[in-house]
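A short worksheet on the structure shown next.
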Amino acid sequence: MLWALLVLVHAPLGTAEAPAKAEQAPFYPDKMKLLVWRDGQGAEHPVSNPEDWQRRRSHILANMQLVMGPLPGPACRVPLDVQVLQTETLPELTRKKISYAATKDYRVPAYLLVPRGLTGRAPAMLCLHGTGGPRGRTAGLGADYPRYALELAQRGYVTIAPDYVLLGENQTDPEQAGFASGTMMGVWNHMRAVDLLQELPEVDPERIGCVGVSLGGHNSLFVGVFDPRLKVMVSSSGFDSFNDYKGGDLSGWCQPRYMMRIQNVYGKDPKKMPFDFPEVLAALAPRYLYVHAPLDDSNFRVESARRCVGAASAIYSLLGAPDHIEAVYPLGAHGFPPEARGAAYRFIDRVLKRP
């Protein structure tokens, strides 16, 4: 029943979701108010069934692309041409330093971790790092950073950890590559990483998820919205409402690796923003979502994150999947400590290790 709902709430696609036309999407002043959709004249109508929600969801995707730029079309999906640069054999897994072609014009560096001794096809996870931890650190290279690419591989998952736009060894300029934002370039790079996972003989292409902290925490949400192949998303210390971020000062989002249109088009004014995080969370429904939002996060306000989750939960309930969204608000600072990672892994196991 729930996967039948996915057919209703996601547009037909091959491997990438067809975006709605941005110019057709109305503006929603109150983005916490998710159980309504607006027509072309701005009149509000109740969202009371999955078909109604699909109208609102299409507006969310279109409005995200007003800020991020358009999602590339199928013509950009070139052969991956995976190149293995280095291979290490560890006791429990093989760790490969690789690169893959995102478009015909540039490549993305990544680590690919494959558990040893697999029998049958395994689940897989896309592992997205924060600003302080390019992909090698999540893959176990370097101390004092959440090593979720390594730890999930040790739990039996094939994992891929790409370098994010303008961090680590990924220094291709988004504008020169034809993207309106680093955020959309990241979405595309991460979708191509899912393509790579699906092509591996070790991977079950129907059991793939995504996890990240901080920068990776919101990027796991963004790629999840545009790529319904991802069955579970984990976001740690990854968001609050734009209205609440740093008291409404969106300067932190206005960098080449994020979304410069927030500054250049919307004047860094949260009230002018076409989308916000409650909508992003809701657009993932009814797939599985786990949120870790620590109480003492200095980047994102936990009470704002609570409101975003609360608003999105109404959509999960509408789609008959109230237990598919789980949020925890423990003591702690911005980050993804071991106990929090362990709880997230158990949630992922519940989704991707089902018989």
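Letters A, B, ... go to the chains of the structure tokens in the order shown; residues in each chain start at 1; ligands are counted from 1 in the same order.
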
>> Report as a list in words all protein, DNA and RNA residues lying within 7 Å of region 304-316 of chain A, evaluated on only C-alpha atoms, omitting residues in the same chain fewer than 3 positions from it.
In response: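 Counting only the stated atoms, we get Met32, Leu34, Phe239, Asp240, Ser241, Asp244, Phe277, Pro278, Glu279, Leu281, Ala282, Ala285, Pro286, Arg301, Leu319, Gly320, Ala321, Pro322 and Ile325 of chain A.
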
Selection above as a file: N, CA and C atoms, as a tab-separated table (two decimals), in the first residue's frame:
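The resulting file, out_25.tsv, is shown below:
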chain	number	residue	atom	x	y	z
A	32	MET	N	5.14	26.48	6.84
A	32	MET	CA	4.80	25.46	7.83
A	32	MET	C	3.38	24.92	7.59
A	34	LEU	N	1.32	23.09	5.55
A	34	LEU	CA	1.53	22.16	4.44
A	34	LEU	C	0.25	21.52	3.92
A	239	PHE	N	19.53	21.27	9.69
A	239	PHE	CA	18.59	22.29	9.21
A	239	PHE	C	17.85	22.95	10.36
A	240	ASP	N	17.34	24.11	10.08
A	240	ASP	CA	16.19	24.72	10.75
A	240	ASP	C	15.47	25.54	9.69
A	241	SER	N	14.41	26.22	10.07
A	241	SER	CA	13.70	27.05	9.11
A	241	SER	C	14.56	28.25	8.72
A	244	ASP	N	14.34	31.15	10.97
A	244	ASP	CA	15.00	31.08	12.27
A	244	ASP	C	16.52	31.00	12.18
A	277	PHE	N	12.51	24.44	4.86
A	277	PHE	CA	12.78	23.06	5.25
A	277	PHE	C	11.56	22.24	5.66
A	278	PRO	N	10.51	22.80	6.24
A	278	PRO	CA	9.35	21.93	6.48
A	278	PRO	C	8.83	21.31	5.18
A	279	GLU	N	8.89	22.07	4.10
A	279	GLU	CA	8.46	21.56	2.81
A	279	GLU	C	9.42	20.48	2.29
A	281	LEU	N	11.28	18.43	4.09
A	281	LEU	CA	11.03	17.20	4.84
A	281	LEU	C	9.76	16.51	4.35
A	282	ALA	N	8.71	17.28	4.16
A	282	ALA	CA	7.43	16.70	3.75
A	282	ALA	C	7.52	16.10	2.35
A	285	ALA	N	8.09	12.32	2.09
A	285	ALA	CA	7.06	11.37	2.51
A	285	ALA	C	6.49	10.61	1.30
A	286	PRO	N	6.15	9.33	1.49
A	286	PRO	CA	6.15	8.54	2.72
A	286	PRO	C	7.40	7.71	2.93
A	301	ARG	N	18.75	25.99	15.11
A	301	ARG	CA	17.95	26.04	16.34
A	301	ARG	C	17.06	24.82	16.45
A	319	LEU	N	-0.38	10.36	4.35
A	319	LEU	CA	-0.02	9.29	3.42
A	319	LEU	C	0.02	7.92	4.08
A	320	GLY	N	-0.47	7.83	5.31
A	320	GLY	CA	-0.57	6.55	5.99
A	320	GLY	C	0.73	5.99	6.50
A	321	ALA	N	1.71	6.86	6.74
A	321	ALA	CA	3.03	6.41	7.17
A	321	ALA	C	3.56	7.23	8.33
A	322	PRO	N	2.79	7.39	9.41
A	322	PRO	CA	3.26	8.25	10.51
A	322	PRO	C	4.52	7.73	11.18
A	325	ILE	N	8.66	8.64	9.86
A	325	ILE	CA	9.47	9.79	10.24
A	325	ILE	C	9.76	9.71	11.73

Who sits within 7 Å of region 289-297 of chain A, only C-alpha atoms, same chain under 3 positions skipped, as a PDB file with C-alpha atoms, in the first residue's frame:
ATOM      1  CA  VAL A 232      15.730   6.239   3.733  1.00  0.00           C
ATOM      2  CA  MET A 233      17.307   9.596   4.569  1.00  0.00           C
ATOM      3  CA  VAL A 234      19.223  10.480   7.748  1.00  0.00           C
ATOM      4  CA  SER A 235      19.902  14.120   8.590  1.00  0.00           C
ATOM      5  CA  SER A 236      22.062  15.013  11.594  1.00  0.00           C
ATOM      6  CA  SER A 237      22.469  18.658  12.665  1.00  0.00           C
ATOM      7  CA  PHE A 300      20.587  25.267  13.692  1.00  0.00           C
ATOM      8  CA  ARG A 301      17.953  26.042  16.338  1.00  0.00           C
ATOM      9  CA  VAL A 302      16.480  22.856  17.709  1.00  0.00           C
ATOM     10  CA  HIS A 324       8.202   6.521   8.752  1.00  0.00           C
ATOM     11  CA  ILE A 325       9.466   9.786  10.238  1.00  0.00           C
ATOM     12  CA  GLU A 326      11.435   9.765  13.480  1.00  0.00           C
ATOM     13  CA  ALA A 327      13.198  12.675  15.160  1.00  0.00           C
ATOM     14  CA  VAL A 328      15.354  12.757  18.275  1.00  0.00           C
ATOM     15  CA  TYR A 329      16.486  15.842  20.217  1.00  0.00           C
ATOM     16  CA  PRO A 330      19.235  14.716  22.609  1.00  0.00           C
ATOM     17  CA  LEU A 331      21.693  16.685  24.674  1.00  0.00           C
ATOM     18  CA  GLY A 332      24.780  17.679  22.754  1.00  0.00           C
ATOM     19  CA  ALA A 333      26.335  20.141  20.358  1.00  0.00           C
ATOM     20  CA  HIS A 334      26.372  20.391  16.575  1.00  0.00           C
ATOM     21  CA  ALA A 344      20.511   6.162  13.175  1.00  0.00           C
TER      22      ALA A 344
END

> What are the DSSP strand (DSSP E) residues of region 198-280 of chain A, as a ChimeraX atom specification?
Replying inline: /A:203-213,230-236

With C-alpha atoms retained, could you export that selection as a PDB file, in the first residue's frame?
ATOM      1  CA  VAL A 203      24.350  -3.786  -4.519  1.00  0.00           C
ATOM      2  CA  ASP A 204      20.613  -4.385  -4.340  1.00  0.00           C
ATOM      3  CA  PRO A 205      19.390  -1.408  -6.405  1.00  0.00           C
ATOM      4  CA  GLU A 206      16.107  -1.297  -4.471  1.00  0.00           C
ATOM      5  CA  ARG A 207      17.779  -0.876  -1.060  1.00  0.00           C
ATOM      6  CA  ILE A 208      19.711   2.393  -1.064  1.00  0.00           C
ATOM      7  CA  GLY A 209      19.655   5.258   1.436  1.00  0.00           C
ATOM      8  CA  CYS A 210      21.520   8.433   2.328  1.00  0.00           C
ATOM      9  CA  VAL A 211      23.088   9.863   5.492  1.00  0.00           C
ATOM     10  CA  GLY A 212      24.921  13.064   6.377  1.00  0.00           C
ATOM     11  CA  VAL A 213      25.792  15.537   9.097  1.00  0.00           C
ATOM     12  CA  LEU A 230      16.640   6.654  -1.978  1.00  0.00           C
ATOM     13  CA  LYS A 231      14.447   4.749   0.466  1.00  0.00           C
ATOM     14  CA  VAL A 232      15.730   6.239   3.733  1.00  0.00           C
ATOM     15  CA  MET A 233      17.307   9.596   4.569  1.00  0.00           C
ATOM     16  CA  VAL A 234      19.223  10.480   7.748  1.00  0.00           C
ATOM     17  CA  SER A 235      19.902  14.120   8.590  1.00  0.00           C
ATOM     18  CA  SER A 236      22.062  15.013  11.594  1.00  0.00           C
TER      19      SER A 236
END

> Could you pull the residues within 7 Å of Thr183 (chain A), counting only C-alpha atoms, minus those fewer than 5 positions along the same chain, as a ChimeraX atom specification?
Replying inline: /A:68,257-259

>> I'd like the contact shell of Asn63 (chain A) - 7 Å cut-off, only C-alpha atoms, skipping same-chain residues fewer than 2 positions apart - returned as a ChimeraX atom specification.
In response: /A:22,25,59-61,65-67,274-275

> By how many Å are CA of Ser251 (chain A) and CA of Asp269 (chain A) apart?
Replying inline: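 So the two atoms, CA of Ser251 (chain A) and CA of Asp269 (chain A), lie 9.8 Å apart.
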
> Hey, can you check how far CA of Gly73 (chain A) sits from CA of His190 (chain A)?
Replying inline: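 Spanning CA of Gly73 (chain A) to CA of His190 (chain A) is a straight-line distance of 14.6 Å.
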
Please identify which residues in region 162-332 of chain A DSSP calls alpha helix (DSSP H) from the backbone, and express them as an mmCIF file with C-alpha atoms, in the first residue's frame.
data_model
loop_
_atom_site.group_PDB
_atom_site.id
_atom_site.type_symbol
_atom_site.label_atom_id
_atom_site.label_comp_id
_atom_site.auth_asym_id
_atom_site.auth_seq_id
_atom_site.Cartn_x
_atom_site.Cartn_y
_atom_site.Cartn_z
ATOM 1 C CA GLY A 182 26.611 24.542 -5.753
ATOM 2 C CA THR A 183 23.584 22.979 -4.084
ATOM 3 C CA MET A 184 22.079 21.743 -7.361
ATOM 4 C CA MET A 185 25.492 20.622 -8.560
ATOM 5 C CA GLY A 186 25.714 18.621 -5.347
ATOM 6 C CA VAL A 187 22.268 17.115 -5.899
ATOM 7 C CA TRP A 188 23.312 16.010 -9.377
ATOM 8 C CA ASN A 189 26.677 14.641 -8.213
ATOM 9 C CA HIS A 190 24.926 12.663 -5.504
ATOM 10 C CA MET A 191 22.301 11.295 -7.897
ATOM 11 C CA ARG A 192 25.143 10.120 -10.104
ATOM 12 C CA ALA A 193 26.627 8.367 -7.061
ATOM 13 C CA VAL A 194 23.298 6.525 -6.721
ATOM 14 C CA ASP A 195 23.595 5.577 -10.412
ATOM 15 C CA LEU A 196 27.016 4.137 -9.596
ATOM 16 C CA LEU A 197 25.705 2.129 -6.648
ATOM 17 C CA GLN A 198 22.855 0.718 -8.712
ATOM 18 C CA GLU A 199 25.302 -0.509 -11.359
ATOM 19 C CA LEU A 215 26.273 20.219 5.253
ATOM 20 C CA GLY A 216 25.691 16.530 4.559
ATOM 21 C CA GLY A 217 22.607 16.649 6.763
ATOM 22 C CA HIS A 218 20.753 19.053 4.506
ATOM 23 C CA ASN A 219 22.261 17.606 1.337
ATOM 24 C CA SER A 220 20.856 14.186 2.226
ATOM 25 C CA LEU A 221 17.432 15.859 2.287
ATOM 26 C CA PHE A 222 17.949 17.752 -0.969
ATOM 27 C CA VAL A 223 19.058 14.711 -2.963
ATOM 28 C CA GLY A 224 16.280 12.656 -1.370
ATOM 29 C CA VAL A 225 13.653 15.080 -2.633
ATOM 30 C CA PHE A 226 14.860 14.799 -6.235
ATOM 31 C CA ARG A 261 20.377 33.330 -5.591
ATOM 32 C CA ILE A 262 19.390 33.646 -1.919
ATOM 33 C CA GLN A 263 21.474 36.840 -1.955
ATOM 34 C CA ASN A 264 21.299 37.952 -5.584
ATOM 35 C CA PHE A 277 12.781 23.061 5.247
ATOM 36 C CA PRO A 278 9.349 21.926 6.479
ATOM 37 C CA GLU A 279 8.462 21.559 2.805
ATOM 38 C CA VAL A 280 11.704 19.704 2.064
ATOM 39 C CA LEU A 281 11.030 17.198 4.840
ATOM 40 C CA ALA A 282 7.431 16.701 3.745
ATOM 41 C CA VAL A 302 16.480 22.856 17.709
ATOM 42 C CA GLU A 303 13.053 24.391 18.389
ATOM 43 C CA SER A 304 12.879 25.438 14.767
ATOM 44 C CA ALA A 305 13.862 21.939 13.655
ATOM 45 C CA ARG A 306 11.066 20.574 15.879
ATOM 46 C CA ARG A 307 8.536 22.816 14.157
ATOM 47 C CA CYS A 308 9.738 21.693 10.739
ATOM 48 C CA VAL A 309 9.431 18.039 11.715
ATOM 49 C CA GLY A 310 6.009 18.627 13.264
ATOM 50 C CA ALA A 311 4.712 20.249 10.102
ATOM 51 C CA ALA A 312 6.085 17.463 7.893
ATOM 52 C CA SER A 313 4.650 14.781 10.175
ATOM 53 C CA ALA A 314 1.154 15.843 9.132
ATOM 54 C CA ILE A 315 1.975 14.792 5.570
ATOM 55 C CA TYR A 316 3.403 11.464 6.712
ATOM 56 C CA SER A 317 0.126 10.843 8.544
ATOM 57 C CA LEU A 318 -1.898 11.879 5.496
#

>> Which residues are near Gly117 (chain A)? Cut-off 12 Å, only C-alpha atoms, ignore same chain within fewer than 3 positions. Put them as number ranges by chain.
In response: A: 91-94, 114, 120-122, 153-154, 156-158, 202

>> At a cut-off of 9 Å, using only C-alpha atoms, what residues contact Trp53 (chain A)? Leave out same-chain residues fewer than 2 positions from it and give the result as a list in words.
In response: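 Close residues of Trp53 (chain A): Val9, Leu34, Leu35, Val36, Trp37, Val47, Ser48, Asn49, Pro50, Glu51, Arg55, Arg56, Arg57, Ser58, Ile315, Leu318 and Leu319 of chain A.
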
>> For Thr172 (chain A), find every residue with an atom within 12 Å (counting only C-alpha atoms), except residues of its own chain fewer than 6 positions away, and show them as an NGL selection string.
In response: :A and (102-103 or 105-109 or 163-166 or 178-179 or 182 or 185-186 or 189 or 256-257)
